Amino acid sequence: MSTQHTVINKEALQATALKVREHIIRMATDGGCFVGASLSAADLILYLYSEWLNVNSNNLDDPNRDYLFLSKGHDVPALYGTFVELGLMEGKRLKNHLSIDDHIYWHPNTKIPGIEFHSGSLGHLPSVAIGVALDIKIRGGKNRVVCILGDGELNEGTCWEAMLVANAYKLDNLIFVVDRNQFQANMPTEDLIPLEPLHDKFTAFGAAVKRIDGHDFDALHEAFSAYPFQPGKVNVVIADTVRGRGLPSIERRADRWFCNFTATEIDSLLKELHGEHQTQLTSETLVVR
Amino acid sequence: MTYEELLTQEALADDRFVVMTAENRALVRNIYAHLGNRFIDTGITEQTMIGAAAGLALRGRIPVVHALASFLTMRAFEFVRTDAGIPNLPIKLSSFIPGFLSDGNGPTHQAIEDISLMRGIPNMTVFAPADEDDLLKMLPQIWNYPSPSYVRINTRKTEYEHAPFEFGKAEIISEGSDVTILTYGLLFEQALEAVKILQAEGLSVGFINMRSLKPVDEQAILKAAESNLVVSVEDHFLTGGLYSIIAEVLLKHQASAKVLPLALNEKWFKPSLLPKVLEHEGFTGKQIAEKILGYNTKAVQTTIAAQEFSE
């Protein structure tokens with residue numbers, strides 16, 4: 001097992017994470033976006049692209065690059081914010097969110113360089129990631145495949161079907177990362193379709209599992225530095241996160257899944273992100289899509 | 001040459017090919033010995049198989065995937081539409097026991113809306129060979145076409161030797177002024193018998209093996225519409241299959257024809273062994289001919305070969 005433990009610059013990552021969150025908040029107006037899930041996944045997406053994945057603007061077509069698949073899809077603003085901060089996308093392009101002349105909308109799509117596959121229908125990308133991981137194995141490659149899943153997404157049977165197949169093919173080059181923000185669309189997961197004990201479920205499916213604080217860069221780094229967790233076993237990281245992380249006025253709120261804020265609220269939320277007082281939100285809550 | 005031999009030959013010559021199955025090994029029992037890890041059995045997981053095929057195709061592979069027709073097209077429909085159709089990936093669907101070929105299985109296994117479902121997906125191409133000879137003539141072009149494809153696998157043997165396959169073209173077997181029969185897949189055998197009976201009754205009979213249902217040979221359909229009667233013969237629901245295709249083509253070209261559809265109208269077929277199914281549902285050559293003629297003949301129906309059980 002290779003546990004090459006490089007040092008990360010935690011303060012720099014935290015500063016960049018704030019910028020990623022600013023991008024997400026700015027996308028949450030004029031039509032809005034899935035803010036809560038984007039804020040919960042922001043730190044782990046930023047960590048992976050900054051510190052771990054072999055992906056950069058020069059190797060997007062290199063068959064030896066690493067792959068990241070966003071399966072839940074709602075978190076794509078976090079990916080765009082990360083792409084902007086890491087130079088994979090021009091910052092001004094985010095102003096085109098929901099523009100008919102661009103391809104930046106509520107779910108990922110491959111018109112955006114760096115996005116490996118479209119998503120939106122839950123429970124699809126675990127199997128797509130398996131196909132890529134299988135091909136890498138067939139060719140004897142060393143590249144790694146990450147697939148980020150929502151916890152609500154785990155309701156879909158195809159996630160578990162994929163776990164069976166990943167286990168059968170001993171895909172230790174594949175890492176499923178669960179953004180465990182405790183919410184599905186309208187409800188806390190444990191109040192609707194309980195997932196716990198989640199660690200045990202994945203272990204029973206044959207995975208090597210780590211459960212960590214998905215907002216702690218040191219914890220993320222320690223977990224991913226232990227790749228592969230166990231030779232011959234598919235890797236699972238359960239990243240415990242907070243829906244809406246960074247904005248106390250929407251954190252852990254069932255009614256702040258999809259948000260379409262007013263311009264005034266956006267200004268106030270950007271201040272709230274930097275530690276100023278909580279925003280008095282008046283915009284519509286819980287738009288179910 | 002068999003389906004498996006052709007696939008083995010193709011895959012050995014071109015390492016882009018990978019062969020996948022959702023534990024439907026009837027057509028590919030021996031291929032692992034030749035392809036090793038380019039043979040991937042995902043178990044009884046049609047959805048995961050299609051998703052994984054998309055991942056393999058992203059890496060430059062051409063996955064030829066195998067499953068029973070009803071589960072490939074319906075259990076995995078959204079995966080086919082979303083993961084093969086939207087990105088236009090060259091995933092090749094080999095659909096086992098489609099239509100009447102599911103004989104004794106019952107309605108769960110009856111894929112008789114597959115043509116309708118598959119042709120509704122943008123980028124998808126749809127094919128239905130008449131027999132093994134036709135299948136083997138069609139597959140190399142289908143497998144090398146850079147889009148997803150759906151093939152109603154039909155390995156039945158007939159005496160007929162088919163013309164070379166032209167992508168998107170029907171096989172015009174004969175032209176006739178009284179009636180033209182259009183069919184695809186398994187029912188080619190029976191339609192061919194019907195043609196002989198009709199000719200013996202003195203009719204001028206056109207006969208078209210559609211082969212490619214999407215893209216469809218519009219000129220062949222328009223030409224058929226010049227005869228006094230067009231008959232569509234298919235083991236498919238009346239909705240969405242060849243009868244619908246003919247209607248669409250005629251409407252598009254502002255043409256009209258008198259059309260007799262022979263299909264399954266709002267019903268599943270009675271499960272039994274294939275010869276009995278055809279007879280019960282009225283799809284033997286003699287029955288087809290007599291429906292067209294409107295009277296009984298003294299023609300003797302040729303014995304219909306039974307299917308061997310294989311899943």
# chains A, B, ... in the order shown; residues from 1 in each chain; ligands from 1
>>> interface_residues(of="chain A", to="chain B", cutoff="8 Å", atoms="only C-alpha atoms", output="number ranges by chain")
A: 63, 124-132, 134-135, 138, 158, 161-162, 165
>>> residues_around(residues="B:Val259", least_positions_apart="2", cutoff="8 Å", atoms="only C-alpha atoms", output="VMD selection string")
chain B and resid 229 to 232 257 261
>>> select_by_dssp(residues="stretch 43-273 of chain A", states="strand (DSSP E or B)", output="short mmCIF file (atom, residue, chain, number, x, y, z; two decimals) with N, CA and C atoms, in the first residue's frame")
data_model
loop_
_atom_site.label_atom_id
_atom_site.label_comp_id
_atom_site.auth_asym_id
_atom_site.auth_seq_id
_atom_site.Cartn_x
_atom_site.Cartn_y
_atom_site.Cartn_z
N TYR A 67 -9.92 10.26 -13.58
CA TYR A 67 -11.30 10.61 -13.96
C TYR A 67 -12.11 10.96 -12.71
N LEU A 68 -12.93 11.98 -12.84
CA LEU A 68 -13.91 12.25 -11.77
C LEU A 68 -15.29 12.36 -12.41
N PHE A 69 -16.22 11.60 -11.85
CA PHE A 69 -17.61 11.64 -12.31
C PHE A 69 -18.49 12.19 -11.19
N LEU A 70 -19.28 13.19 -11.54
CA LEU A 70 -20.24 13.74 -10.58
C LEU A 70 -21.57 13.04 -10.85
N VAL A 145 -10.17 6.40 -10.74
CA VAL A 145 -11.51 6.87 -11.11
C VAL A 145 -12.29 7.20 -9.84
N VAL A 146 -12.75 8.44 -9.76
CA VAL A 146 -13.55 8.87 -8.61
C VAL A 146 -14.98 9.10 -9.07
N CYS A 147 -15.92 8.65 -8.30
CA CYS A 147 -17.34 8.90 -8.60
C CYS A 147 -18.00 9.46 -7.34
N ILE A 148 -18.47 10.70 -7.43
CA ILE A 148 -19.11 11.34 -6.27
C ILE A 148 -20.61 11.10 -6.31
N LEU A 149 -21.10 10.53 -5.23
CA LEU A 149 -22.52 10.19 -5.11
C LEU A 149 -23.18 11.05 -4.04
N GLY A 150 -24.45 11.34 -4.22
CA GLY A 150 -25.21 11.95 -3.14
C GLY A 150 -25.69 10.86 -2.20
N LEU A 174 -11.07 2.33 -8.31
CA LEU A 174 -12.31 3.10 -8.31
C LEU A 174 -12.65 3.53 -6.88
N ILE A 175 -12.97 4.81 -6.74
CA ILE A 175 -13.35 5.33 -5.41
C ILE A 175 -14.72 5.97 -5.50
N PHE A 176 -15.65 5.44 -4.76
CA PHE A 176 -16.94 6.10 -4.61
C PHE A 176 -16.85 7.04 -3.41
N VAL A 177 -17.22 8.29 -3.62
CA VAL A 177 -17.23 9.26 -2.52
C VAL A 177 -18.68 9.67 -2.28
N VAL A 178 -19.16 9.41 -1.09
CA VAL A 178 -20.54 9.78 -0.78
C VAL A 178 -20.54 11.14 -0.07
N ASP A 179 -21.20 12.11 -0.66
CA ASP A 179 -21.38 13.41 -0.01
C ASP A 179 -22.52 13.23 1.00
N ARG A 180 -22.13 12.87 2.22
CA ARG A 180 -23.13 12.47 3.23
C ARG A 180 -23.62 13.71 3.97
N PHE A 183 -29.19 14.91 3.78
CA PHE A 183 -30.49 15.29 3.20
C PHE A 183 -30.67 14.69 1.82
N PRO A 188 -34.65 14.94 5.55
CA PRO A 188 -33.45 14.27 6.06
C PRO A 188 -33.49 12.80 5.65
N ALA A 208 -13.69 -1.36 0.72
CA ALA A 208 -12.83 -0.85 1.79
C ALA A 208 -13.28 0.59 2.05
N VAL A 209 -13.76 0.85 3.26
CA VAL A 209 -14.49 2.09 3.54
C VAL A 209 -13.75 2.98 4.53
N LYS A 210 -13.76 4.28 4.24
CA LYS A 210 -13.28 5.26 5.23
C LYS A 210 -14.38 6.30 5.42
N ARG A 211 -14.59 6.68 6.65
CA ARG A 211 -15.60 7.71 6.93
C ARG A 211 -14.89 8.90 7.58
N ILE A 212 -15.05 10.05 6.99
CA ILE A 212 -14.29 11.22 7.42
C ILE A 212 -15.15 12.47 7.40
N ASP A 213 -14.63 13.55 7.98
CA ASP A 213 -15.26 14.86 7.91
C ASP A 213 -14.94 15.46 6.53
N ASN A 235 -12.90 1.17 -3.35
CA ASN A 235 -12.74 2.12 -2.25
C ASN A 235 -14.03 2.93 -2.07
N VAL A 236 -14.41 3.16 -0.83
CA VAL A 236 -15.54 4.06 -0.56
C VAL A 236 -15.11 5.07 0.50
N VAL A 237 -15.36 6.35 0.22
CA VAL A 237 -15.16 7.39 1.23
C VAL A 237 -16.54 7.96 1.56
N ILE A 238 -16.94 7.82 2.79
CA ILE A 238 -18.17 8.49 3.23
C ILE A 238 -17.72 9.82 3.83
N ALA A 239 -18.04 10.90 3.12
CA ALA A 239 -17.61 12.22 3.57
C ALA A 239 -18.78 12.87 4.30
N ASP A 240 -18.67 12.95 5.61
CA ASP A 240 -19.74 13.60 6.38
C ASP A 240 -19.66 15.10 6.14
N CYS A 259 -32.17 26.90 -4.51
CA CYS A 259 -32.35 28.29 -4.07
C CYS A 259 -32.24 29.25 -5.24
N PHE A 261 -32.02 33.13 -5.14
CA PHE A 261 -31.98 34.29 -4.26
C PHE A 261 -32.15 35.59 -5.05
#
>>> residues_around(residues="stretch 269-271 of chain B", least_positions_apart="5", cutoff="6 Å", atoms="only C-alpha atoms", output="number ranges by chain")
B: 103-104, 106
>>> write_last_selection(atoms="N, CA and C atoms", output="JSON list (two decimals), in the first residue's frame")
[["chain", "number", "residue", "atom", "x", "y", "z"],
["B", 103, "ASP", "N", -40.71, -17.54, -27.54],
["B", 103, "ASP", "CA", -41.81, -18.54, -27.60],
["B", 103, "ASP", "C", -42.48, -18.93, -26.27],
["B", 104, "GLY", "N", -41.89, -19.87, -25.52],
["B", 104, "GLY", "CA", -42.58, -20.39, -24.35],
["B", 104, "GLY", "C", -42.43, -19.59, -23.07],
["B", 106, "GLY", "N", -43.48, -16.49, -22.07],
["B", 106, "GLY", "CA", -44.57, -15.69, -21.49],
["B", 106, "GLY", "C", -44.33, -14.19, -21.64]]
>>> select_by_dssp(residues="stretch 84-261 of chain A", states="alpha helix (DSSP H)", output="ChimeraX atom specification")
/A:84-85,125-138,157-168,189-192,198-204,217-225
>>> write_last_selection(atoms="N, CA and C atoms", output="short mmCIF file (atom, residue, chain, number, x, y, z; two decimals), in the first residue's frame")
data_model
loop_
_atom_site.label_atom_id
_atom_site.label_comp_id
_atom_site.auth_asym_id
_atom_site.auth_seq_id
_atom_site.Cartn_x
_atom_site.Cartn_y
_atom_site.Cartn_z
N VAL A 84 -12.91 27.15 -12.16
CA VAL A 84 -12.49 28.55 -12.32
C VAL A 84 -11.26 28.83 -11.47
N GLU A 85 -11.30 28.39 -10.22
CA GLU A 85 -10.18 28.70 -9.32
C GLU A 85 -8.90 27.98 -9.73
N LEU A 125 -23.97 7.07 -12.92
CA LEU A 125 -22.52 7.16 -13.11
C LEU A 125 -21.69 6.13 -12.33
N PRO A 126 -22.24 5.50 -11.28
CA PRO A 126 -21.47 4.38 -10.72
C PRO A 126 -21.12 3.35 -11.78
N SER A 127 -22.09 3.03 -12.65
CA SER A 127 -21.79 2.01 -13.66
C SER A 127 -20.89 2.56 -14.76
N VAL A 128 -21.07 3.83 -15.12
CA VAL A 128 -20.19 4.42 -16.14
C VAL A 128 -18.75 4.43 -15.60
N ALA A 129 -18.60 4.79 -14.34
CA ALA A 129 -17.27 4.80 -13.71
C ALA A 129 -16.67 3.39 -13.69
N ILE A 130 -17.53 2.40 -13.48
CA ILE A 130 -17.06 1.00 -13.52
C ILE A 130 -16.50 0.68 -14.90
N GLY A 131 -17.19 1.11 -15.94
CA GLY A 131 -16.71 0.84 -17.30
C GLY A 131 -15.32 1.44 -17.54
N VAL A 132 -15.13 2.68 -17.07
CA VAL A 132 -13.83 3.33 -17.24
C VAL A 132 -12.77 2.60 -16.40
N ALA A 133 -13.13 2.28 -15.17
CA ALA A 133 -12.17 1.58 -14.30
C ALA A 133 -11.80 0.21 -14.86
N LEU A 134 -12.80 -0.48 -15.42
CA LEU A 134 -12.54 -1.79 -16.04
C LEU A 134 -11.56 -1.64 -17.21
N ASP A 135 -11.80 -0.62 -18.03
CA ASP A 135 -10.92 -0.45 -19.19
C ASP A 135 -9.49 -0.15 -18.75
N ILE A 136 -9.36 0.65 -17.71
CA ILE A 136 -8.02 0.96 -17.20
C ILE A 136 -7.35 -0.33 -16.72
N LYS A 137 -8.12 -1.17 -16.05
CA LYS A 137 -7.57 -2.47 -15.60
C LYS A 137 -7.15 -3.33 -16.80
N ILE A 138 -8.03 -3.39 -17.81
CA ILE A 138 -7.72 -4.22 -18.98
C ILE A 138 -6.42 -3.77 -19.62
N GLY A 157 -31.46 1.75 -6.71
CA GLY A 157 -30.94 0.39 -6.69
C GLY A 157 -29.70 0.20 -7.53
N THR A 158 -29.55 0.99 -8.58
CA THR A 158 -28.40 0.78 -9.46
C THR A 158 -27.09 1.15 -8.78
N CYS A 159 -27.13 1.97 -7.70
CA CYS A 159 -25.89 2.22 -6.95
C CYS A 159 -25.39 0.92 -6.33
N TRP A 160 -26.33 0.15 -5.81
CA TRP A 160 -25.96 -1.09 -5.11
C TRP A 160 -25.67 -2.20 -6.10
N GLU A 161 -26.36 -2.20 -7.22
CA GLU A 161 -26.04 -3.13 -8.31
C GLU A 161 -24.59 -2.88 -8.74
N ALA A 162 -24.23 -1.61 -8.87
CA ALA A 162 -22.87 -1.27 -9.28
C ALA A 162 -21.86 -1.70 -8.23
N MET A 163 -22.22 -1.60 -6.95
CA MET A 163 -21.29 -2.05 -5.90
C MET A 163 -21.00 -3.54 -6.05
N LEU A 164 -22.04 -4.32 -6.37
CA LEU A 164 -21.85 -5.76 -6.57
C LEU A 164 -20.86 -6.02 -7.69
N VAL A 165 -21.04 -5.29 -8.80
CA VAL A 165 -20.19 -5.53 -9.97
C VAL A 165 -18.77 -5.03 -9.71
N ALA A 166 -18.65 -3.86 -9.06
CA ALA A 166 -17.31 -3.32 -8.76
C ALA A 166 -16.55 -4.29 -7.86
N ASN A 167 -17.27 -4.89 -6.93
CA ASN A 167 -16.65 -5.88 -6.03
C ASN A 167 -16.23 -7.12 -6.82
N ALA A 168 -17.13 -7.57 -7.72
CA ALA A 168 -16.83 -8.79 -8.49
C ALA A 168 -15.56 -8.60 -9.32
N THR A 189 -32.37 12.27 5.23
CA THR A 189 -32.38 10.88 4.75
C THR A 189 -32.90 9.92 5.82
N GLU A 190 -32.48 10.18 7.06
CA GLU A 190 -32.86 9.21 8.12
C GLU A 190 -34.35 9.28 8.45
N ASP A 191 -35.02 10.35 8.04
CA ASP A 191 -36.47 10.45 8.27
C ASP A 191 -37.27 9.84 7.12
N LEU A 192 -36.60 9.64 5.97
CA LEU A 192 -37.34 9.11 4.82
C LEU A 192 -36.93 7.66 4.53
N LEU A 198 -24.29 3.14 7.35
CA LEU A 198 -23.85 3.19 5.96
C LEU A 198 -22.48 2.53 5.77
N HIS A 199 -21.58 2.78 6.72
CA HIS A 199 -20.26 2.16 6.65
C HIS A 199 -20.40 0.64 6.54
N ASP A 200 -21.27 0.10 7.39
CA ASP A 200 -21.46 -1.36 7.41
C ASP A 200 -22.06 -1.86 6.09
N LYS A 201 -22.97 -1.06 5.52
CA LYS A 201 -23.57 -1.50 4.26
C LYS A 201 -22.50 -1.65 3.18
N PHE A 202 -21.67 -0.62 3.04
CA PHE A 202 -20.62 -0.70 2.00
C PHE A 202 -19.62 -1.82 2.31
N THR A 203 -19.28 -1.97 3.58
CA THR A 203 -18.36 -3.05 3.95
C THR A 203 -18.95 -4.40 3.56
N ALA A 204 -20.24 -4.55 3.83
CA ALA A 204 -20.90 -5.82 3.49
C ALA A 204 -20.91 -6.07 1.98
N PHE A 217 -9.79 19.40 5.37
CA PHE A 217 -8.81 19.07 4.32
C PHE A 217 -7.75 18.07 4.81
N ASP A 218 -7.39 18.16 6.08
CA ASP A 218 -6.43 17.19 6.60
C ASP A 218 -7.01 15.77 6.57
N ALA A 219 -8.27 15.68 6.95
CA ALA A 219 -8.92 14.36 6.97
C ALA A 219 -9.07 13.81 5.54
N LEU A 220 -9.45 14.70 4.62
CA LEU A 220 -9.56 14.27 3.22
C LEU A 220 -8.20 13.78 2.72
N HIS A 221 -7.17 14.54 3.06
CA HIS A 221 -5.84 14.20 2.57
C HIS A 221 -5.36 12.88 3.15
N GLU A 222 -5.64 12.68 4.42
CA GLU A 222 -5.22 11.43 5.05
C GLU A 222 -5.94 10.24 4.40
N ALA A 223 -7.22 10.41 4.16
CA ALA A 223 -7.99 9.31 3.57
C ALA A 223 -7.50 9.01 2.16
N PHE A 224 -7.42 10.02 1.31
CA PHE A 224 -7.05 9.76 -0.09
C PHE A 224 -5.59 9.35 -0.23
N SER A 225 -4.75 9.75 0.73
CA SER A 225 -3.35 9.33 0.67
C SER A 225 -3.22 7.84 0.93
#
>>> atom_distance(atom1="atom CA of A:Leu46", atom2="atom CA of A:Tyr169")
29.2 Å
>>> residues_around(residues="B:Pro140", least_positions_apart="3", cutoff="12 Å", atoms="only C-alpha atoms", output="ChimeraX atom specification")
/B:3,6-11,13-14,17,64,92,134-137,143-145,149,151,164-167
>>> closest_residue(among="B:Glu193, B:Ser212, B:Ala163, B:Phe96", to="B:Arg119", atoms="only C-alpha atoms")
B:Ser212
>>> residues_around(residues="A:Phe34", least_positions_apart="4", cutoff="12 Å", atoms="only C-alpha atoms", output="PyMOL selection string")
chain A and resi 24-29+38-41+72-78+105-107+184-185+243-244+250+255-261+285-289
>>> atom_distance(atom1="atom CA of B:Lys258", atom2="atom CA of B:Leu242")
14.7 Å
>>> decode(residues="stretch 69-167 of chain A", atoms="C-alpha atoms", output="mmCIF file, in the first residue's frame")
data_model
loop_
_atom_site.group_PDB
_atom_site.id
_atom_site.type_symbol
_atom_site.label_atom_id
_atom_site.label_comp_id
_atom_site.auth_asym_id
_atom_site.auth_seq_id
_atom_site.Cartn_x
_atom_site.Cartn_y
_atom_site.Cartn_z
ATOM 1 C CA PHE A 69 -17.605 11.640 -12.305
ATOM 2 C CA LEU A 70 -20.242 13.738 -10.583
ATOM 3 C CA SER A 71 -23.117 11.315 -10.312
ATOM 4 C CA LYS A 72 -25.577 13.305 -8.266
ATOM 5 C CA GLY A 73 -25.082 16.242 -10.606
ATOM 6 C CA HIS A 74 -26.748 18.898 -8.468
ATOM 7 C CA ASP A 75 -23.341 19.795 -7.096
ATOM 8 C CA VAL A 76 -22.040 20.965 -10.470
ATOM 9 C CA PRO A 77 -21.776 24.642 -9.360
ATOM 10 C CA ALA A 78 -19.094 23.456 -6.908
ATOM 11 C CA LEU A 79 -17.270 21.838 -9.816
ATOM 12 C CA TYR A 80 -17.520 24.985 -11.941
ATOM 13 C CA GLY A 81 -16.280 27.123 -9.034
ATOM 14 C CA THR A 82 -13.355 24.719 -8.612
ATOM 15 C CA PHE A 83 -12.618 24.746 -12.355
ATOM 16 C CA VAL A 84 -12.491 28.553 -12.319
ATOM 17 C CA GLU A 85 -10.180 28.699 -9.317
ATOM 18 C CA LEU A 86 -7.846 26.066 -10.793
ATOM 19 C CA GLY A 87 -7.738 27.618 -14.261
ATOM 20 C CA LEU A 88 -9.795 24.968 -16.080
ATOM 21 C CA MET A 89 -12.541 27.446 -16.927
ATOM 22 C CA GLU A 90 -12.750 31.188 -17.421
ATOM 23 C CA GLY A 91 -14.363 32.936 -14.475
ATOM 24 C CA LYS A 92 -16.499 35.203 -16.600
ATOM 25 C CA ARG A 93 -18.159 32.153 -18.130
ATOM 26 C CA LEU A 94 -20.066 31.550 -14.893
ATOM 27 C CA LYS A 95 -22.075 34.672 -15.701
ATOM 28 C CA ASN A 96 -23.594 32.537 -18.472
ATOM 29 C CA HIS A 97 -25.321 30.302 -15.934
ATOM 30 C CA LEU A 98 -28.608 29.233 -17.552
ATOM 31 C CA SER A 99 -27.875 31.307 -20.663
ATOM 32 C CA ILE A 100 -29.350 29.827 -23.830
ATOM 33 C CA ASP A 101 -26.042 30.610 -25.536
ATOM 34 C CA ASP A 102 -23.871 28.482 -23.248
ATOM 35 C CA HIS A 103 -24.006 25.029 -21.656
ATOM 36 C CA ILE A 104 -23.950 25.895 -17.967
ATOM 37 C CA TYR A 105 -27.109 24.572 -16.402
ATOM 38 C CA TRP A 106 -28.304 22.620 -13.368
ATOM 39 C CA HIS A 107 -26.603 19.357 -14.296
ATOM 40 C CA PRO A 108 -23.159 18.502 -15.686
ATOM 41 C CA ASN A 109 -22.611 18.005 -19.399
ATOM 42 C CA THR A 110 -19.637 17.265 -21.587
ATOM 43 C CA LYS A 111 -19.808 20.540 -23.516
ATOM 44 C CA ILE A 112 -17.795 21.900 -20.592
ATOM 45 C CA PRO A 113 -14.144 20.774 -20.934
ATOM 46 C CA GLY A 114 -13.170 18.714 -17.921
ATOM 47 C CA ILE A 115 -16.596 17.160 -17.414
ATOM 48 C CA GLU A 116 -16.241 13.476 -18.246
ATOM 49 C CA PHE A 117 -19.931 12.553 -18.555
ATOM 50 C CA HIS A 118 -23.337 14.101 -18.164
ATOM 51 C CA SER A 119 -25.511 13.295 -15.179
ATOM 52 C CA GLY A 120 -28.829 14.231 -13.695
ATOM 53 C CA SER A 121 -30.564 10.889 -13.606
ATOM 54 C CA LEU A 122 -29.411 9.405 -10.315
ATOM 55 C CA GLY A 123 -27.622 6.094 -10.037
ATOM 56 C CA HIS A 124 -26.119 6.103 -13.536
ATOM 57 C CA LEU A 125 -22.522 7.156 -13.109
ATOM 58 C CA PRO A 126 -21.469 4.385 -10.719
ATOM 59 C CA SER A 127 -21.791 2.011 -13.661
ATOM 60 C CA VAL A 128 -20.187 4.423 -16.142
ATOM 61 C CA ALA A 129 -17.267 4.803 -13.711
ATOM 62 C CA ILE A 130 -17.062 1.004 -13.518
ATOM 63 C CA GLY A 131 -16.707 0.845 -17.303
ATOM 64 C CA VAL A 132 -13.826 3.326 -17.238
ATOM 65 C CA ALA A 133 -12.166 1.580 -14.296
ATOM 66 C CA LEU A 134 -12.540 -1.788 -16.045
ATOM 67 C CA ASP A 135 -10.917 -0.454 -19.190
ATOM 68 C CA ILE A 136 -8.021 0.957 -17.202
ATOM 69 C CA LYS A 137 -7.567 -2.467 -15.601
ATOM 70 C CA ILE A 138 -7.718 -4.225 -18.982
ATOM 71 C CA ARG A 139 -5.017 -1.913 -20.326
ATOM 72 C CA GLY A 140 -2.910 -2.188 -17.184
ATOM 73 C CA GLY A 141 -3.174 1.543 -16.485
ATOM 74 C CA LYS A 142 -2.468 3.241 -13.186
ATOM 75 C CA ASN A 143 -5.023 6.018 -13.401
ATOM 76 C CA ARG A 144 -7.785 6.335 -10.850
ATOM 77 C CA VAL A 145 -11.511 6.870 -11.111
ATOM 78 C CA VAL A 146 -13.549 8.873 -8.609
ATOM 79 C CA CYS A 147 -17.340 8.896 -8.602
ATOM 80 C CA ILE A 148 -19.107 11.341 -6.275
ATOM 81 C CA LEU A 149 -22.522 10.192 -5.115
ATOM 82 C CA GLY A 150 -25.208 11.946 -3.139
ATOM 83 C CA ASP A 151 -26.494 10.209 -0.047
ATOM 84 C CA GLY A 152 -30.073 10.546 -1.281
ATOM 85 C CA GLU A 153 -28.881 9.046 -4.544
ATOM 86 C CA LEU A 154 -28.152 5.832 -2.646
ATOM 87 C CA ASN A 155 -31.915 5.175 -2.698
ATOM 88 C CA GLU A 156 -31.412 4.135 -6.322
ATOM 89 C CA GLY A 157 -30.942 0.390 -6.688
ATOM 90 C CA THR A 158 -28.400 0.783 -9.457
ATOM 91 C CA CYS A 159 -25.893 2.221 -6.946
ATOM 92 C CA TRP A 160 -25.964 -1.088 -5.111
ATOM 93 C CA GLU A 161 -26.038 -3.127 -8.307
ATOM 94 C CA ALA A 162 -22.866 -1.266 -9.275
ATOM 95 C CA MET A 163 -21.290 -2.055 -5.902
ATOM 96 C CA LEU A 164 -21.853 -5.761 -6.570
ATOM 97 C CA VAL A 165 -20.193 -5.532 -9.971
ATOM 98 C CA ALA A 166 -17.310 -3.324 -8.758
ATOM 99 C CA ASN A 167 -16.652 -5.877 -6.033
#
